[in-house]
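Novice: I'd like to ask you about the structure that follows.
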Amino acid sequence: MSDKIKTTKEEREAKKALKLAQEKERIENMCVYEKEYEAFSYICGIDEAGRGPLAGPVVAGAVVLPKDCRILYVNDSKKLSEKKRDELFDVIKEEALSYGIGIVSPERIDEINILQATYEAMHEAVNKLSVKPDILLNDAVTIPGIDVKQLSLIHISEPT
């Protein structure tokens with residue numbers, strides 16, 4: 001029986017090691033744009049949350065990470081548990097060269113519409129950065145009125 005338990009433990013360890021290797025490969029594949037624009041000093045990633053719900057604010061985050069920074073398990077917030085989002089938020093804050101958060105209220109959304117509110121939240125997030133980014137890697141939008149090169153990316157959490 002101890003051989004069976006030992007084998008099962010070895011199998012679990014092997015499976016765990018394989019999952020970790022797959023996660024490292026997924027994260028590395030997500031860095032295609034960072035590698036393409038590596039000549040830029042400050043590359044800023046921007047995403048929003050809250051565009052889908054019928055009520056509540058829209059929140060945008062802008063983050064500049066050090067070159068070659070790899071944070072495992074980063075993904076679209078909708079694909080993460082609340083616990084994992086909280087853990088990653090702390091890791092990102094610790095690792096980031098700079099980050100900014102923009103929040104637009106439901107009342108403001110009603111005044112200007114959700115897309116304009118998203119742009120406003122993204123502007124606010126970028127304006128809170130302590131460094132001026134050289135390029136913005138945006139989640140599926142081009143933010144009007146920002147004088148920084150922008151690249152609108154689609155499906156950045158699931159590279160092909």
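Residues in the structure tokens are named by chain (A, B, ... in the order shown) and by number from 1 within that chain; ligands are numbered from 1 in the order shown.
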Listing only residues of region 69-148 of chain A within 7 Å of region 48-63 of chain A, what is the closest atom pair and its distance in Å (to one decimal) for each, using only C-alpha atoms, sorted by chain and residue number ascending, as JSON lines?
Specialist:
{"residue": "A:Ala96", "atom": "CA", "partner": "A:Val63", "partner_atom": "CA", "distance": 6.6}
{"residue": "A:Ser98", "atom": "CA", "partner": "A:Val63", "partner_atom": "CA", "distance": 6.0}
{"residue": "A:Tyr99", "atom": "CA", "partner": "A:Val63", "partner_atom": "CA", "distance": 4.3}
{"residue": "A:Gly100", "atom": "CA", "partner": "A:Ala62", "partner_atom": "CA", "distance": 5.2}
{"residue": "A:Ile101", "atom": "CA", "partner": "A:Gly61", "partner_atom": "CA", "distance": 4.6}
{"residue": "A:Gly102", "atom": "CA", "partner": "A:Ala60", "partner_atom": "CA", "distance": 5.1}
{"residue": "A:Ile103", "atom": "CA", "partner": "A:Val59", "partner_atom": "CA", "distance": 4.5}
{"residue": "A:Val104", "atom": "CA", "partner": "A:Val58", "partner_atom": "CA", "distance": 5.4}
{"residue": "A:Ser105", "atom": "CA", "partner": "A:Pro57", "partner_atom": "CA", "distance": 4.6}
{"residue": "A:Pro106", "atom": "CA", "partner": "A:Pro57", "partner_atom": "CA", "distance": 5.0}
{"residue": "A:Ile114", "atom": "CA", "partner": "A:Arg51", "partner_atom": "CA", "distance": 6.6}
{"residue": "A:Thr118", "atom": "CA", "partner": "A:Val58", "partner_atom": "CA", "distance": 6.3}
{"residue": "A:Ala121", "atom": "CA", "partner": "A:Ala60", "partner_atom": "CA", "distance": 5.4}
{"residue": "A:Met122", "atom": "CA", "partner": "A:Ala60", "partner_atom": "CA", "distance": 5.3}
{"residue": "A:Ala125", "atom": "CA", "partner": "A:Ala62", "partner_atom": "CA", "distance": 5.5}
{"residue": "A:Val126", "atom": "CA", "partner": "A:Ala62", "partner_atom": "CA", "distance": 5.8}
Novice: Go ahead and save the residues from that selection, with C-alpha atoms, as a compact mmCIF listing (two decimals), in the first residue's frame.
Specialist:
# COMPACT_ATOMS: atom_id res chain seq x y z
CA ALA A 96 4.99 47.62 -10.27
CA SER A 98 3.94 52.53 -11.04
CA TYR A 99 0.21 51.90 -11.07
CA GLY A 100 -2.91 54.04 -11.21
CA ILE A 101 -6.58 53.32 -10.63
CA GLY A 102 -9.45 55.31 -12.10
CA ILE A 103 -13.05 55.00 -10.91
CA VAL A 104 -16.13 56.50 -12.54
CA SER A 105 -19.41 56.44 -10.62
CA PRO A 106 -22.71 54.99 -11.85
CA ILE A 114 -20.44 53.44 -20.40
CA THR A 118 -14.50 53.75 -19.48
CA ALA A 121 -11.56 55.92 -15.90
CA MET A 122 -8.62 54.98 -18.12
CA ALA A 125 -5.65 55.73 -14.14
CA VAL A 126 -2.95 56.87 -16.59
Novice: Find the spatial neighbours of Pro144 (chain A), counting only C-alpha atoms, within a cut-off of 12 Å - ignore same-chain residues fewer than 3 positions away - and output them as a PyMOL selection string.
Specialist: chain A and resi 115-120+122-123+138+141+147-150+152
Novice: Please provide the set of residues having any atom within 10 Å of Val64 (chain A), restricted to only C-alpha atoms, with same-chain residues fewer than 5 positions apart removed, written as a list in words.
Specialist: Ser41, Tyr42, Ile43, Cys44, Gly45, Ile46, Ile92, Glu95, Ala96, Leu97, Ser98, Tyr99, Gly100, Val126, Leu129, Ser130, Val131, Lys132, Pro133 and Leu136 of chain A
Novice: Quick one: of A:Asn29, A:Ser77, A:Ile71, A:Phe40, who's nearest to Lys93 (chain A), counting only C-alpha atoms?
Specialist: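 Looking at the shortest contact to Lys93 (chain A), the residue is A:Ile71.
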Novice: Using only C-alpha atoms for the distances, tell me which of A:Val74, A:Leu88, A:Leu153, A:Leu137 is nearest to Glu34 (chain A).
Specialist: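 Between A:Val74, A:Leu88, A:Leu153, A:Leu137, the residue approaching Glu34 (chain A) most closely is A:Leu137.
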Novice: Go through chain A and collect every residue that DSSP, computed from the backbone, puts in strand (DSSP E); the answer should be as number ranges by chain.
Specialist: A: 43-49, 58-64, 98-104, 135-139, 149-153
Novice: So which bits of region 23-144 of chain A end up alpha helix (DSSP H) when you DSSP the backbone, as a count of residues only?
Specialist: 48
Novice: What gap, in Å, lies between CA of Lys35 (chain A) and CA of Ala140 (chain A)?
Specialist: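 Going from CA of Lys35 (chain A) over to CA of Ala140 (chain A), I get 19.2 Å.
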Novice: For the atom pair CA of Leu20 (chain A) and CA of Lys78 (chain A), what is the interatomic distance in Å to one decimal place?
Specialist: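 Atom-to-atom, CA of Leu20 (chain A) to CA of Lys78 (chain A), that is 21.0 Å.
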Novice: Work out how far CA of Asn127 (chain A) is from CA of Thr142 (chain A), in Å to one decimal.
Specialist: 15.8 Å
Novice: Give me the residues of region 21-137 of chain A that have any atom at most 10 Å from an atom of region 8-17 of chain A; for each, the nearest atom pair and the distance in Å, rounded to one decimal. Use only C-alpha atoms, sort by chain and number, and format it as a Markdown table.
Specialist:
| residue | atom | partner | partner_atom | distance |
| --- | --- | --- | --- | --- |
| A:Ala21 | CA | A:Ala17 | CA | 6.2 |
| A:Gln22 | CA | A:Ala17 | CA | 8.6 |
| A:Glu23 | CA | A:Ala17 | CA | 9.9 |
Novice: I need the residue nearest Glu38 (chain A) from this list: A:Asp139, A:Asp134, A:Asp76, A:Glu82. Use only C-alpha atoms for the distance.
Specialist: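 Closest to Glu38 (chain A) of all the choices is A:Asp134.
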Novice: Taking only C-alpha atoms into account, which of A:Leu72, A:Glu36, A:Cys31, A:Glu124 comes nearest Lys19 (chain A)?
Specialist: A:Leu72
